[in-house]
Each structure stands twice: as C-alpha cells, then as structure tokens.
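Inspection log for the structure reproduced underneath, given as structure tokens.
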Amino acid sequence: MDFRLNEEQQMLQDTVARLVRGEYSFEKRLEYSESELGFSADFWKQLGELGLTAVPFPEELGGFGGSGVEVQSVMTELGRGLCIEPYLQSVVLGGGLISQAGNSEQQEQWLGGIASGEVRAAVGLQEPQSFYNLNDVETRAEKTGDGYTLNGRKAVVIGGHCADVLVVSARTSGDSRDADGISLFLVSSDDEGLERRTYPTIDGSKGCDLFLNNVKLGPDALLGEEGKAADVIEYQTGRAISALCGEAVGAMEVACDLTLEYLKQRKQFGVPIGKFQVLQHRMVDMMSELEQARSMAILAASVADEPQSDERRRILAAAKNVIGRSGQFISEQGIQSHGGIGMTWEYNFAHYAKRLVMINHQLGDDDFHLEHYASLLQAS
Amino acid sequence: MNLNYTAEELAFRDEVRAFLDEKLPADIAAKVKGFRRLSKEDHQRWQKILSEQGWYATHWPEEYGGVNWTPVQKHIWDEESSRYGAPRSVPFGVNMVAPVIIKFGTEEQKQRYLPRIVSGEDWWCQGYSEPGAGSDLASLKTRAVRDGDHYIVNGQKTWTTLGQHANMIFCLVRTNTEVKAQEGISFLLIDMDTPGITVRPIITLDGEHEVNEVFFEDVKVPVENLVGEEDKGWTYAKYLLTYERTGLAGIGISKAALQHLKELATRRIKNGRPLIEDASFSQRIAQVEIDLMAAAISNLRIIASVEGGGMPGAESSMLKVRGTEIRQTINDLARRAIGPYAIPFVEEEMDLDYDGDFLSDENAAPVTPQYFNNRKLSIFGGSNEIQKNIVSKMILGL
Ligand SMILES: Cc1cc2nc3c(=O)[nH]c(=O)nc-3n(C[C@H](O)[C@H](O)[C@H](O)COP(=O)(O)OP(=O)(O)OC[C@H]3O[C@@H](n4cnc5c(N)ncnc54)[C@H](O)[C@@H]3O)c2cc1C
Ligand SMILES: Cc1cc2nc3c(=O)[nH]c(=O)nc-3n(C[C@H](O)[C@H](O)[C@H](O)COP(=O)(O)OP(=O)(O)OC[C@H]3O[C@@H](n4cnc5c(N)ncnc54)[C@H](O)[C@@H]3O)c2cc1C
C-alpha cells in the first residue's frame with residue numbers, strides 16, 4: 001500500500017501550486033471576484049495553456065487521461081488558493097457528462113474546447129424543489145417535431161452565467177423523482193427562451209438560476225439515451241464529489257495553517273493565546289478533522305473513476321459527509337479561535353471559512369449523504 | 001414552587017401585548033422577523049414610540065425616567081417584544097452607559113446625558129476593545145493625559161458596533177501607567193464630533209458594515225466628562241459588563257428565530273414533502289427546541305433569584321454560553337433548510353422594499369449572511385472561553 005503521489009502526480013500538483021502562488025494573491029482574488037466575469041479570464045487561460053483543464057481527458061484531446069487522483073491534485077491547489085474559476089463545473093462535470101453520455105459528434109464538438117479551456121461548460125441539475133436529490137426533476141422536455149421543447153427552471157448553476165454550453169437535465173417521461181425518464185440536453189447560451197438570473201455567491205464566485213421558457217432544441221441536443229440519464233448524472237456527480245473533496249482539503253489546510261500561525265502570534269494576558277489549553281485542544285481537533293478529511297479524499301479519489309457499484313456509492317457519500325462536517329468545524333472553530341479578526345472581510349481566513357461551509361451545500365450536504373449512506377448500509 | 005405568572009404579571013403581559021399590537025410599526029416588525037437590516041431611522045422611530053409610552057429605559061430608577069420593572073416584568077417584555085418582532089434597543093446608551101452614569105456619575109452628568117438617551121438625541125457606542133486588548137481588556141493602551149481642564153486622548157478603539165451612527169462614545173482610557181494595569185484606567189465620555197476623531201468601517205465576512213475602528217489623535221476631552229474617579233474606571237467597566245452579559249443569552253430572540261426556522265422548514269420542500277416533515281430534519285429542530293426550553297427555564301431561575309434586587313452571578317456566564325450556542329445552532333439549521341440556495345448572495349432581497357421575484361423563499365436571502373454574522377455571538381461580550389474561565393474560577397474554585 002502506498003498513499004503517496006507518484007512523481008508525475010506530484011509534478012502536476014507542483015505546477016498548479018506554482019501557478020496559484022504567482023497569480024492568486026488574496027487581493028487579486030477579491031478583484032477577480034468583483035469583476036463582471038466573476039473570476040480571472042487570464043488565470044483560466046493559463047490553466048488551459050498548461051494543460052491543466054485537460055487533465056481528465058484522453059491524450060487525443062491534449063489531456064493525459066488523469067483519474068480521480070490527478071483531478072484532486074489540481075483541485076487541492078485550487079482550494080488552497082481559494083480559486084473561483086469554474087474548473088469543477090466545466091472540466092469535471094460538464095466535460096464528464098459529455099464524455100460519458102455524448103455521441104462522437106457531440107464529443108468532437110465540445111470536448112476539445114473544454115479540455116483546452118476555450119469553451120466553458122456549466123451544469124444545471126438542481127431545481128428549486130429538488131433540494132439535493134438530482135432525480136427530483138420537474139423541468140419537462142416535450143418532443144416537438146424531431147427535436148425537444150424545454151420548460152422549467154434549474155437552480156444554483158455555479159458558473160452558469162458565463163458558460164458557453166449548459167448541460168441540463170429535463171424529464172422526458174415519468175413522474176417527478178422517478179429515476180427513469182430523466183434526459184440530458186445541451187443548451188447553448190444564446191438559445192432562444194433561455195433566461196438567467198445571475199448573482200454573486202456568498203463565497204465569492206458567481207452563478208445563476210436558469211429559466212427555460214419554450215427553449216427549442218434540435219435532436220442533436222439530446223445528450224445520451226433518452227430517459228436514461230440518472231445513472232450518468234449519479235456517476236459524474238460522484239467524480240465531482242471526489243474533486244470537491246480535493247478542493248475542501250486544500251482550503252482546510254490553509255485555514256488550519258492560518259489559525260495555527262495566529263495562535264502563536266496573537267498575545268493576550270501577556271502570552272500567545274496558543275498557550276491556553278482550550279485553544280490547543282481545539283487546534284488539535286481541527287487538525288484531526290483535517291486528517292479525517294484527507295483520508296476520505298484519498299479514498300474518494302481511488303473510486304472516482306472506477307465502475308459504479310454500491311461500494312463506490314458508499315465511499316463517495318461517506319467522503320462528502322466527512323468533508324462537509326470537517327469543513328464546517330474548521331470554519332466555525334477557526335473563526336472562534338481568532339476572535340473578532342476571524343470575522344473580517346479584510347482577512348483571508350474569513351473567506352476560507354465561507355468557502356468551506358458552502359462546499360457543504362454543493363452536491364449534497366452532510367445530512368443528505370448520511371441519509372444516502374444509511375440507505376446503502378444493507379446493500380451488498 | 002410555582003412556575004406560573006401571578007395575576008398581576010399576566011395583566012402586565014396583556015398590557016404589553018395590547019401595546020405591541022397597536023404601536024409596533026408593521027414594516028419594522030417585518031424586517032426584524034425576516035432578519036433584514038434595520039436603518040438608524042428604524043431604530044429611532046421605534047425608540048420614540050417606546051419613550052412616549054415610558055417604556056424605553058425600563059430598568060432605570062423612576063426618578064430618571066425609568067419604570068423600574070421587576071426582573072419578571074422585564075423578562076415578559078423581552079419575550080413578548082421578540083415574539084412580535086420589535087427591534088432590540090441598541091444597548092450602548094440605555095443599557096450600558098446609563099447604569100454606569102446612574103451609579104457613578106455626577107448629578108450634572110445625570111441631568112445632561114440621561115434625558116438625551118431617552119429622547120434619542122444621543123446615540124452612544126462602546127469604546128472598550130482595542131487591537132491589542134480584546135479578551136485582555138485591562139491591557140488597553142489608549143492614553144488620556146490631563147492638561148488643565150482637559151484630557152488629551154490618543155490611541156485606537158476597535159470593533160465599535162454602530163459607531164458610524166453614534167455621536168457619543170464611552171471609552172476606557174489609560175490615565176496612569178505607573179500602577180497595575182487595572183488600576184490606571186478611567187472611564188471617559190467623549191463627543192464623537194471632537195476634532196481628532198476618525199471613524200473607519202470594518203466590513204465583516206457577510207459584507208456588512210456594523211463595526212468600526214475609532215482613532216483618537218490629540219482629542220481634547222473636558223475633565224467634567226470623566227465618570228467617577230480617575231483611575232477607577234475598571235470597577236465601572238466591570239459593573240457594566242455584568243449588565244451586558246445578562247442580556248446576551250438572547251432567549252427571546254432564539255424563540256423568534258426558532259419560529260422563523262420552523263416556518264422556513266414548512267415552506268421548503270424535500271422529496272415532495274415539507275422539509276419539516278423530514279424525519280431527521282424535524283428531529284434536529286426538536287433537539288434545539290428542547291435545549292432552548294431548558295435554557296429558558298434557567299434564564300427564569302436566574303431572574304427569579306435576583307427578584308429582590310442585586311446582580312446575577314456567574315450563572316449568567318453559563319447561560320450566555322448556552323444561549324449563544326443555541327442561537328448559532330438555529331442559524332445553522334436555517335442555512336441547512338434552504339439547501340443549495342444557501343449559496344447565492346442576493347443582497348437586493350434583503351431590503352424590505354424589494355419588489356422583484358424572490359430567488360427561492362422570501363426569507364432566504366438573509367439566512368447565510370446571518371449564520372456567518374452570528375459567529376460573533378460566541379466572541380463578543382466576553383468570549384465563550386472567557387465566560388467558562390469565569391465560571392471555573394468564580395463558581396468552581398478551580
Ligand atoms: C483500564 C486501564 C488500564 C491501564 N493500563 C495501564 C498499563 O498497562 N500500564 C500503565 O503503566 N498504566 C496503565 N494505566 C494507567 C493510565 O496510564 C493512567 O490512568 C493514565 O496515565 C492517567 O493517569 P491517572 O489515572 O492517574 O489520572 P490523572 O493523571 O490524575 O488524570 C486525571 C484527569 O486529569 C487530566 N489531566 C491530567 N493532566 C492534565 C494536563 N496536563 N492537562 C489537561 N488535563 C490533564 C487527565 O486527562 C484526566 O482526565 C491504565 C489505566 C486504565 C484506566
Ligand atoms: C461583531 C463584533 C462586535 C463588537 N462590538 C464591540 C463594541 O461595540 N465595543 C467594544 O468595545 N468591543 C466590541 N467587540 C469586541 C469584542 O468584545 C472582542 O472581540 C472580544 O472581547 C474578543 O477579543 P478579540 O477579538 O481581540 O479576541 P482575542 O481576545 O484575541 O481572543 C482570541 C481567542 O482567544 C481566546 N482567549 C483569549 N484569552 C483566553 C484565555 N485566557 N483563556 C482561553 N481562551 C482565551 C478567545 O476566547 C478567542 O477564542 C465586538 C466584537 C465583534 C466580533
């Protein structure tokens with residue numbers, strides 16, 4: 001058994017780390033965040049030029065067929081930098097769905113661009129009523145002529161405000177919450193009838209809700225088999241959970257480092273506050289949460305690209321449950337250990353704290369995954 | 001033992017309810033209940049209504065315009081006014097500096113400042129904390145040097161809540177550097193318009209401007225603005241802190257927040273059913289409601305124990321810890337209840353006059369900012385760690 005990254009994986013992670021160090025100061029991040037685009041177009045371009053947006057794609061697309069481990073190496077460093085580029089949405093989820101479900105024309109049309117970073121994708125899988133259950137789909141796709149007409153609404157599409165292509169789920173048959181009857185469609189940003197309500201997010205990026213009002217799509221917009229998308233969605237969100245674990249671990253590492261440093265440097269009552277045992281023990285608890293999260297991230301990466309099974313499902317649910325809880329713990333206890341300063345906009349710790357809590361609201365929170373895990377307890 | 005209100009107390013509660021029914025402006029109540037921002041004007045409008053009723057300075061002696069309510073009456077007021085969505089009074093004038101002035105101030109100070117607090121002419125803020133003096137308040141460095149009829153004040157205060165609205169600040173300043181830290185501190189009342197004072201905003205992680213830094217550069221303060229004796233300020237400061245602590249458990253606010261959470265969970269949908277019917281979520285709500293029930297009784301026990309006069313002891317520190325944890329748990333659950341919609345930051349929906357469509361729920365927008373903002377509850381007014389230190393020392397003898 002060997003838990004270390006191999007040489008190539010380490011080099012990959014170092015490359016991202018260098019890039020983030022160079023481009024992603026705290027001040028610059030705030031600038032990127034407040035810009036119209038909501039992230040750095042330039043940084044995104046560099047991710048593309050260095051081949052980092054191509055990591056999970058096969059060699060013919062300029063990638064190196066990286067699996068869960070490689071994707072996590074990238075995401076961990078993006079997490080350390082608190083980067084707000086839509087890597088998860090475009091590369092992991094958008095690219096993943098098109099790779100798995102798309103026919104050869106669709107793959108040809110989109111994957112090259114996504115892998116190079118020239119095309120940005122986003123995914124609309126949630127709905128206002130769906131909570132975190134991605135089978136809860138009420139958006140309808142009616143067959144009209146040889147194509148489809150979409151009506152409905154997709155909720156909290158991170159990166160959707162600036163995506164060139166959107167992968168959305170819609171129901172072609174069945175009742176809401178049936179796994180059967182869900183289909184995926186490629187909607188392009190200028191399709192008629194597509195409206196977006198764009199907003200900033202509390203953790204510094206941007207997203208939108210998509211309103212689909214009689215969006216007319218050709219037959220080539222159907223991604224994968226009609227009515228059979230639930231499994232694809234589950235599989236790809238599983239890969240995304242693993243990637244998100246990587247980001248979370250990166251952000252937790254920095255949050256812990258900052259807190260530890262502060263405990264040594266901040267003095268009250270004539271001593272560094274790190275001399276108070278209650279804060280020492282809390283710091284230890286934060287570090288052990290981080291260790292738990294690291295372990296689960298590694299485990300998640302090891303199954304991310306394996307064939308679907310109940311074991312894979314269990315591991316990914318467990319991993320997301322753990323990082324959700326440890327992220328919130330480190331966020332809350334880190335703020336508390338800092339005192340007032342931990343709550344200020346001007347101090348980067350607060351932004352890590354916000355991101356960590358919001359990761360829990362992406363792809364299902366710890367409650368959701370606990371329930372999911374419990375439902376799989378007796379599965380073989 | 002009798003856990004019921006007396007007939008007089010029940011009559012008082014009816015009176016309070018009738019007053020709130022009639023006088024509490026609906027727009028203000030809607031803001032409070034929806035966790036929306038209150039403007040300075042909102043606070044002042046409500047304060048004026050309370051003052052007209054004679055219910056603003058409820059715990060002051062009658063000779064200064066108070067009503068001298070019993071602790072139980074005060075509790076009934078807190079409970080009912082939170083339930084109706086009345087704003088809590090900004091405490092710095094009426095609940096903090098006033099008791100100090102009443103107990104330790106000169107007659108002139110009482111005559112000058114107390115009526116201006118009741119009328120709302122003065123808006124006070126609290127200048128205790130400094131960058132280097134948080135939990136270790138006694139290490140404060142802001143210097144006041146006597147020069148004829150004035151003190152010359154130099155230094156910096158920080159975390160000054162709503163200092164941007166204030167025209168008066170009460171400050172702890174160092175007047176003596178030769179003695180033990182606690183023995184060289186004085187309590188000064190300072191007009192914020194005095195030349196040399198600069199107020200700078202501190203933006204908190206939820207994007208709010210609620211706290212400030214206040215800088216003092218050769219600020220001339222008349223000696224008659226000293227409260228009590230020079231170098232005795234620590235005694236007054238501690239007197240004030242016990243006052244502050246008793247209100248911090250926020251039982252009434254928690255009850256209102258819990259109601260808000262239940263309404264939210266009734267409207268939010270999970271698997272086609274109201275979230276509040278979800279087995280695990282409803283149990284989470286039930287758990288915090290049970291904890292709140294216990295804390296509310298603890299609160300009443302403390303209130304009853306001081307009914308004959310006197311100040312609550314270190315039990316109020318335990319209650320502060322519990323009370324703030326409960327509020328933070330309620331905020332955590334509200335954030336969980338809105339699921340993916342915890343992520344969007346739709347500031348425009350936080351204004352009451354917003355008339356567009358709501359992204360998800362009409363009360364969703366303030367939920368996540370509120371959750372983050374209320375991390376402060378366990379930090380200020382003496383952090384929860386400091387409260388526990390007090391309990392171990394004062395009650396347990398450790
Ligand atoms: C079932 C069992 C099996 C054991 N087997 C062995 C064995 O095989 N060989 C052997 O040598 N010993 C053994 N021990 C002894 C064990 O190592 C001691 O119990 C342990 O070191 C604690 O010492 P103590 O019981 O004297 O408690 P104390 O040291 O008196 O501690 C009492 C409490 O104070 C806390 N405490 C003490 N110091 C600090 C501090 N600086 N900061 C914060 N908290 C503190 C402790 O955590 C504990 O909660 C065994 C004990 C048990 C219960
Ligand atoms: C939103 C907000 C509003 C505020 N409003 C005001 C205001 O209006 N006026 C004002 O004067 N102040 C105000 N404060 C300041 C508040 O009182 C201080 O933040 C508080 O006293 C803690 O000080 P600190 O932030 O410097 O943290 P520190 O004292 O540096 O504490 C950092 C951490 O160390 C812990 N710690 C410190 N000493 C010990 C110890 N001996 N044992 C164990 N743990 C310890 C603390 O509990 C905390 O977890 C406000 C603060 C906030 C966040």
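We label chains A, B, ... in the order they appear in the structure tokens, count residues from 1 in each chain, and number ligands from 1 in the order shown.
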Discussion item. Near chain B, meaning an atom within 9 Å, which residues of chain A appear when counting only C-alpha atoms? Write them as a ChimeraX atom specification.
Written reply: /A:126,128-133,136,155-156,176-177,197,199-203,206-209,266-270,278-279,332,335-336,339-340,342-347,350-351,354,358,361-365,367,371
Notebook entry, point to check: Could you write out, as number ranges by chain, all the residues of stretch 179-316 of chain A that DSSP marks as helix (DSSP H, G or I)?
Noted result: A: 219-221, 229-265, 273-275, 277-304, 310-316
| message | Could you pull out the strand (DSSP E) residues of stretch 142-222 of chain A, going by DSSP on the backbone, and write them as a ChimeraX atom specification? | response | /A:142-144,147-158,165-171,182-188,194-200,206-217,222
If we count only C-alpha atoms and set the cut-off at 7 Å, which residues sit around B:Glu9, ignoring sequence neighbours fewer than 4 positions away in its own chain? Please answer as an mmCIF file with C-alpha atoms, in the first residue's frame.
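Wrote out_10.cif, looks like this:
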data_model
loop_
_atom_site.group_PDB
_atom_site.id
_atom_site.type_symbol
_atom_site.label_atom_id
_atom_site.label_comp_id
_atom_site.auth_asym_id
_atom_site.auth_seq_id
_atom_site.Cartn_x
_atom_site.Cartn_y
_atom_site.Cartn_z
ATOM 1 C CA TYR B 5 -47.030 34.125 36.414
ATOM 2 C CA ARG B 13 -48.386 40.739 29.756
ATOM 3 C CA GLN B 73 -41.739 42.176 34.017
#
Env. residues ligand 1 / 12 Å / only C-alpha atoms and all ligand atoms / as a ChimeraX atom specification
/A:275-278,280-281
Got time to write the residues from that selection, N, CA and C atoms, as an mmCIF file, in the first residue's frame?
data_model
loop_
_atom_site.group_PDB
_atom_site.id
_atom_site.type_symbol
_atom_site.label_atom_id
_atom_site.label_comp_id
_atom_site.auth_asym_id
_atom_site.auth_seq_id
_atom_site.Cartn_x
_atom_site.Cartn_y
_atom_site.Cartn_z
ATOM 1 N N LYS A 275 -1.132 29.383 24.166
ATOM 2 C CA LYS A 275 -0.771 28.789 25.457
ATOM 3 C C LYS A 275 -2.014 28.355 26.240
ATOM 4 N N PHE A 276 -3.188 28.814 25.816
ATOM 5 C CA PHE A 276 -4.410 28.422 26.539
ATOM 6 C C PHE A 276 -4.841 27.034 26.080
ATOM 7 N N GLN A 277 -5.000 26.157 27.053
ATOM 8 C CA GLN A 277 -5.214 24.758 26.695
ATOM 9 C C GLN A 277 -6.486 24.556 25.870
ATOM 10 N N VAL A 278 -7.500 25.356 26.160
ATOM 11 C CA VAL A 278 -8.745 25.169 25.411
ATOM 12 C C VAL A 278 -8.504 25.412 23.915
ATOM 13 N N GLN A 280 -5.510 25.082 22.464
ATOM 14 C CA GLN A 280 -4.622 23.996 21.997
ATOM 15 C C GLN A 280 -5.446 22.784 21.594
ATOM 16 N N HIS A 281 -6.341 22.398 22.476
ATOM 17 C CA HIS A 281 -7.142 21.207 22.179
ATOM 18 C C HIS A 281 -8.029 21.431 20.961
#
With distances taken over only C-alpha atoms and all ligand atoms, the candidate from B:Phe92, B:Tyr64, B:Phe19, B:Phe358 nearest ligand 2 is B:Phe92
Problem set entry | Exercise: stretch 63-65 of chain A partners within 8 Å, only C-alpha atoms, chain neighbours under 3 positions left out, as a list of chain:residue names | A:Gly51, A:Ala54, A:Val55, A:Pro56, A:Phe57, A:Pro58, A:Glu59, A:Glu60, A:Ala115
field: Length of the atom CA of B:Thr6 to atom CA of B:Val67 vector [Å]
entry: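 Separation between atom CA of B:Thr6 and atom CA of B:Val67: 19.1 Å.
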Within 7 Å of A:Ala141, counting only C-alpha atoms, which residues qualify if same-chain residues fewer than 6 places away don't, as a PyMOL selection string? chain A and resi 148-151+170-172
Name all residues at most 9 Å from B:Gly120 (count only C-alpha atoms; drop same-chain ones fewer than 3 positions away) and give them as a PyMOL selection string. chain B and resi 44+47-48+51+115-117+123
Tell me which protein, DNA and RNA residues are within 10 Å of stretch 2-5 of chain A, counting only C-alpha atoms, leaving out same-chain ones fewer than 3 positions away, and put them as a PyMOL selection string. chain A and resi 8-13+69-70+73+295+298-299
One decimal place gives the atom 5 (N, counted along the ligand's line) of ligand 2-atom CA of A:Gln265 separation as 22.5 Å
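When atom CA of B:Gly252 is paired with atom CA of B:Asp122, their separation reads 26.7 Å.
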In terms of only C-alpha atoms and all ligand atoms, the residue from B:Gly196, B:Gly313, B:Gly93, B:Gly397 at minimal distance from ligand 2 is B:Gly93
